[in-house]
Amino acid sequence: MQKASKEASSINSHLVPSKNQDTELSFQACAEPFYTLESTPMTGYAVFSSPTAVSVSSSKSPFSPQLSHSYASDVHHSSENSSSLNGSFEANDESNLAHSLWLLSNELLGPECGSDYNGSLTDESVQPYCSTRYHRIVEMAPDMDLKHLLIACAEVVSEADIIPFSERRIAASAAETLMDIIQERVSVSGDPLQRLGAYILEALRARLLSSGSLICKKLKCDEPSGPDLMSHMQLIAQICPFYKFAYMAAGAVIGEAMENEKRIHIIDFQIAQGSQWLSFIQAVSRQPDGPPYVRITGVDDSESAHARGGGLEVVGQRLSQLALSCGVPFEFHGAGTSGSDVKLENLNMQHGEALAVNFPYVLHHIPDESVSTSNHRDRLLRLVKSLSPKVMTLVEQESNTNTATFSKRFRETLEYYAAMFECIDAAGLARDEMQRINAEEHCVAKDVVSIIACEGNERMERHEVFGKWRSRLRMAGFSQIGLSPSVTSGVRNMLKEYSPNYALAEADGAVCIRWKNKALVSFSAWR
């Protein structure tokens, strides 16, 4: 076996191509070529240099105008959209970050450039002004810490979308120079921010080149084998409490709602491996009056199918065998379709059953009104409401990356996933541990790339904070259900198995897991 440090170095160089890489990258089973910033020729770019940065040469790739960023207005915007789950600590931290960013924008770029640019200047008048300030950013970059360097680079990339065409080449060249500096500071075997920075850098490269869709396809083509992916997913689930939190809370709430019911139907919109229902089946088998009839409908997703190496019949067989051994009358129905495409006929509804619906980390993948007029997210919620469930459970990330502008989305992603990488680091695995590196790349980093590099239908990660989910659910006709003390105490006891930096917070009828006062995931129940 090769040494982990050597493999880590190899992976890092794969994520951040070297300056000597002049050839087109290709990958198996993908028809489209994937380009990095070093892979295609360009001419006519301004050259920026800094005391510690390699100058951008004319062999760099051309700036390709980004696809239109016509972000739809958030129809759910109201005072309810803000969540109190993060508490005052994070509000102050966010205020400090916003102030730092305001200073960065105005001190380095000036009001005539960037997000405040209103088109009133001509290409000729704005070019020398912005060019001077981009030079200033590049000169100051070596003295910035990594966090602010990433933010500065993202701001320049973002500005390249909206400033006059002649300035785009200058902005792109400045962004590439910043990327050269960043490349020297990031590593997939470094500290949490350095590891996250390695993936953010790749995402920014793709966005600058307008190749977000290609990098997402490349990640898909580079997907590990089913057993390897399963191993990566299990590692993340083992060292972080988020999946255990989702399964434990949903199982407890659904168990309470279904008490004394004789026929139970559970629809799980991300059945995955089905492990979350093993303890539920065991629990109902011990009911004093005998176990109820249990039917589970599982909605599949392509990643889980690949990891388990088979269709939903694999899940059905596993659950059926356990139910048989426990004496629980059981039936499994597989809905082999994505959540966006689910219709009533896929759910195999039957009269006389008490219905429970579970949405674990899945609704943020369903496109909403900002992506398409079809608005599958709200359509699906209305469909579920029409089935009159006794309970519906929702678990989602506490992050606001759906309809935010790119600049805000980037800062949100940086803050959120920096905390996530710290959570993984708290497990104590070695920095050069290949199992951890692979798990981060295939289970966490691909989400970061999707959020930063992709737009429209190609961006799969569209998180919303609890306040926005609450507005959506109320508009769909749902009413929130309070959580019993037994549910929250069970989660608190579970968190004792992990780092003391985790804490459970309760607000607005929901509970969430925090990491150092940063809310990361929330759970709520509805009917």
# chains A, B, ... in the order shown; residues from 1 in each chain; ligands from 1

$ residues_around --residues "Gly309 (chain A)" --least-positions-apart "2" --cutoff "8 Å" --atoms "only C-alpha atoms" --output "PyMOL selection string"
chain A and resi 226-227+305-307+311

$ write_last_selection --atoms "N, CA, C and O atoms" --output "short mmCIF file (atom, residue, chain, number, x, y, z; two decimals), in the first residue's frame"
data_model
loop_
_atom_site.label_atom_id
_atom_site.label_comp_id
_atom_site.auth_asym_id
_atom_site.auth_seq_id
_atom_site.Cartn_x
_atom_site.Cartn_y
_atom_site.Cartn_z
N GLY A 226 -19.26 1.13 -5.75
CA GLY A 226 -20.33 1.07 -4.77
C GLY A 226 -19.84 0.77 -3.36
O GLY A 226 -20.16 1.51 -2.42
N PRO A 227 -19.05 -0.29 -3.17
CA PRO A 227 -18.55 -0.60 -1.82
C PRO A 227 -17.70 0.53 -1.23
O PRO A 227 -17.78 0.81 -0.03
N ALA A 305 -28.43 4.06 -4.50
CA ALA A 305 -28.51 2.85 -5.31
C ALA A 305 -27.12 2.38 -5.72
O ALA A 305 -26.81 1.18 -5.69
N HIS A 306 -26.26 3.34 -6.08
CA HIS A 306 -24.90 2.99 -6.46
C HIS A 306 -24.13 2.43 -5.27
O HIS A 306 -23.40 1.44 -5.39
N ALA A 307 -24.32 3.05 -4.10
CA ALA A 307 -23.57 2.62 -2.91
C ALA A 307 -23.97 1.22 -2.47
O ALA A 307 -23.11 0.42 -2.08
N GLY A 311 -30.92 -2.32 -6.59
CA GLY A 311 -32.13 -1.52 -6.51
C GLY A 311 -32.77 -1.59 -5.14
O GLY A 311 -32.20 -2.11 -4.17
#

$ residues_around --residues "Leu380 (chain A)" --least-positions-apart "2" --cutoff "10 Å" --atoms "only C-alpha atoms" --output "CSV table (one decimal) with all heavy atoms, in the first residue's frame"
chain,number,residue,atom,x,y,z
A,339,GLY,N,-37.3,12.1,-6.1
A,339,GLY,CA,-38.3,12.9,-5.3
A,339,GLY,C,-39.0,13.9,-6.2
A,339,GLY,O,-40.2,14.2,-6.0
A,340,SER,N,-38.2,14.5,-7.1
A,340,SER,CA,-38.8,15.6,-8.0
A,340,SER,C,-39.9,15.0,-8.9
A,340,SER,O,-40.8,15.7,-9.3
A,340,SER,CB,-37.8,16.2,-8.9
A,340,SER,OG,-36.8,16.9,-8.1
A,341,ASP,N,-39.8,13.7,-9.2
A,341,ASP,CA,-40.8,13.1,-10.1
A,341,ASP,C,-41.9,12.3,-9.5
A,341,ASP,O,-42.7,11.7,-10.2
A,341,ASP,CB,-40.0,12.2,-11.1
A,341,ASP,CG,-39.0,13.0,-11.9
A,341,ASP,OD1,-39.2,14.1,-12.3
A,341,ASP,OD2,-37.9,12.4,-12.2
A,342,VAL,N,-41.9,12.3,-8.1
A,342,VAL,CA,-42.9,11.5,-7.4
A,342,VAL,C,-44.3,12.0,-7.7
A,342,VAL,O,-44.6,13.2,-7.6
A,342,VAL,CB,-42.6,11.4,-5.9
A,342,VAL,CG1,-43.8,10.9,-5.2
A,342,VAL,CG2,-41.4,10.6,-5.7
A,343,LYS,N,-45.2,11.1,-8.0
A,343,LYS,CA,-46.6,11.4,-8.2
A,343,LYS,C,-47.4,10.4,-7.3
A,343,LYS,O,-46.9,9.5,-6.8
A,343,LYS,CB,-47.0,11.2,-9.7
A,343,LYS,CG,-46.3,12.2,-10.6
A,343,LYS,CD,-46.7,12.0,-12.0
A,343,LYS,CE,-46.1,13.1,-13.0
A,343,LYS,NZ,-44.6,13.1,-12.9
A,344,LEU,N,-48.7,10.7,-7.2
A,344,LEU,CA,-49.6,10.0,-6.3
A,344,LEU,C,-49.5,8.5,-6.6
A,344,LEU,O,-49.4,7.6,-5.7
A,344,LEU,CB,-51.0,10.4,-6.4
A,344,LEU,CG,-52.0,9.7,-5.6
A,344,LEU,CD1,-51.7,9.8,-4.1
A,344,LEU,CD2,-53.4,10.3,-5.8
A,363,LEU,N,-35.3,17.5,0.7
A,363,LEU,CA,-36.1,18.5,0.1
A,363,LEU,C,-35.2,19.6,-0.6
A,363,LEU,O,-35.7,20.2,-1.6
A,363,LEU,CB,-37.1,19.2,1.1
A,363,LEU,CG,-38.4,18.5,1.3
A,363,LEU,CD1,-39.3,19.2,2.3
A,363,LEU,CD2,-39.2,18.3,-0.1
A,366,ILE,N,-34.8,19.2,-4.2
A,366,ILE,CA,-35.9,19.3,-5.1
A,366,ILE,C,-36.0,20.8,-5.6
A,366,ILE,O,-36.0,21.7,-4.9
A,366,ILE,CB,-37.3,19.0,-4.4
A,366,ILE,CG1,-37.1,17.7,-3.6
A,366,ILE,CG2,-38.4,19.0,-5.3
A,366,ILE,CD1,-36.9,16.5,-4.5
A,375,ASN,N,-41.8,24.2,-10.1
A,375,ASN,CA,-41.7,24.3,-8.7
A,375,ASN,C,-42.1,23.0,-8.0
A,375,ASN,O,-43.0,22.8,-7.2
A,375,ASN,CB,-42.7,25.4,-8.1
A,375,ASN,CG,-42.4,25.8,-6.7
A,375,ASN,OD1,-41.5,25.2,-6.0
A,375,ASN,ND2,-43.2,26.7,-6.2
A,376,HIS,N,-41.2,22.0,-8.3
A,376,HIS,CA,-41.5,20.6,-7.8
A,376,HIS,C,-41.4,20.6,-6.2
A,376,HIS,O,-42.1,19.7,-5.6
A,376,HIS,CB,-40.5,19.7,-8.3
A,376,HIS,CG,-40.7,19.4,-9.8
A,376,HIS,ND1,-41.8,18.8,-10.3
A,376,HIS,CD2,-39.9,19.7,-10.9
A,376,HIS,CE1,-41.7,18.7,-11.6
A,376,HIS,NE2,-40.6,19.2,-12.0
A,377,ARG,N,-40.7,21.5,-5.6
A,377,ARG,CA,-40.6,21.5,-4.2
A,377,ARG,C,-41.9,21.7,-3.5
A,377,ARG,O,-42.4,20.9,-2.7
A,377,ARG,CB,-39.5,22.5,-3.7
A,377,ARG,CG,-39.2,22.5,-2.2
A,377,ARG,CD,-38.1,23.5,-1.8
A,377,ARG,NE,-36.8,23.1,-2.5
A,377,ARG,CZ,-35.7,23.7,-2.2
A,377,ARG,NH1,-35.7,24.7,-1.3
A,377,ARG,NH2,-34.6,23.4,-2.8
A,378,ASP,N,-42.6,22.8,-3.9
A,378,ASP,CA,-43.9,23.1,-3.3
A,378,ASP,C,-45.0,22.1,-3.8
A,378,ASP,O,-45.9,21.8,-3.1
A,378,ASP,CB,-44.3,24.5,-3.6
A,378,ASP,CG,-43.5,25.5,-2.8
A,378,ASP,OD1,-42.8,25.1,-1.9
A,378,ASP,OD2,-43.5,26.7,-3.1
A,382,ARG,N,-47.4,19.9,-1.4
A,382,ARG,CA,-48.9,19.9,-1.5
A,382,ARG,C,-49.4,18.5,-1.7
A,382,ARG,O,-50.5,18.2,-1.2
A,382,ARG,CB,-49.3,20.9,-2.6
A,382,ARG,CG,-49.1,22.4,-2.3
A,382,ARG,CD,-49.8,23.2,-3.3
A,382,ARG,NE,-49.3,23.1,-4.7
A,382,ARG,CZ,-48.3,23.8,-5.2
A,382,ARG,NH1,-47.7,24.7,-4.4
A,382,ARG,NH2,-47.9,23.6,-6.4
A,383,LEU,N,-48.7,17.7,-2.5
A,383,LEU,CA,-49.1,16.3,-2.7
A,383,LEU,C,-49.1,15.6,-1.4
A,383,LEU,O,-50.1,14.9,-1.0
A,383,LEU,CB,-48.2,15.7,-3.7
A,383,LEU,CG,-48.3,14.1,-3.8
A,383,LEU,CD1,-49.7,13.8,-4.3
A,383,LEU,CD2,-47.3,13.6,-4.7
A,384,VAL,N,-48.1,15.7,-0.6
A,384,VAL,CA,-48.0,15.0,0.7
A,384,VAL,C,-49.1,15.5,1.6
A,384,VAL,O,-49.8,14.7,2.3
A,384,VAL,CB,-46.6,15.3,1.4
A,384,VAL,CG1,-46.6,14.8,2.8
A,384,VAL,CG2,-45.6,14.5,0.6
A,385,LYS,N,-49.4,16.8,1.7
A,385,LYS,CA,-50.4,17.3,2.5
A,385,LYS,C,-51.8,16.8,2.1
A,385,LYS,O,-52.6,16.5,3.0
A,385,LYS,CB,-50.5,18.9,2.4
A,385,LYS,CG,-51.6,19.5,3.2
A,385,LYS,CD,-51.5,19.2,4.7
A,385,LYS,CE,-52.7,19.8,5.5
A,385,LYS,NZ,-52.7,19.3,6.9
A,386,SER,N,-52.0,16.6,0.8
A,386,SER,CA,-53.3,16.0,0.4
A,386,SER,C,-53.5,14.6,0.9
A,386,SER,O,-54.7,14.1,0.8
A,386,SER,CB,-53.4,16.1,-1.2
A,386,SER,OG,-52.5,15.1,-1.7
A,476,ALA,N,-48.3,25.4,2.3
A,476,ALA,CA,-48.8,24.1,1.8
A,476,ALA,C,-49.9,23.6,2.6
A,476,ALA,O,-50.5,22.5,2.3
A,476,ALA,CB,-47.7,23.1,1.6

$ residues_around --residues "Thr488 (chain A)" --least-positions-apart "6" --cutoff "12 Å" --atoms "only C-alpha atoms" --output "PyMOL selection string"
chain A and resi 245+248-250+252-253+482+494-495+503-507+509-513+523-524

$ atom_distance --atom1 "CA of Gln234 (chain A)" --atom2 "CA of Cys443 (chain A)"
10.0 Å

$ residues_around --residues "region 277-293 of chain A" --least-positions-apart "3" --cutoff "8 Å" --atoms "only C-alpha atoms" --output "list of chain:residue names"
A:Gly251, A:Gly255, A:Glu261, A:Lys262, A:Arg263, A:Ile264, A:Gly274, A:Leu319, A:Leu322, A:Ala323, A:Cys326, A:Gly327, A:Val328, A:Pro329, A:Phe330

$ residues_around --residues "Asn358 (chain A)" --least-positions-apart "3" --cutoff "9 Å" --atoms "only C-alpha atoms" --output "ChimeraX atom specification"
/A:250,254,266-270,391-395

$ closest_residue --among "A:Ile236, A:Leu214, A:Leu324, A:Ala427" --to "Glu455 (chain A)" --atoms "only C-alpha atoms"
A:Leu214

$ atom_distance --atom1 "CA of Met233 (chain A)" --atom2 "CA of Ala439 (chain A)"
6.8 Å
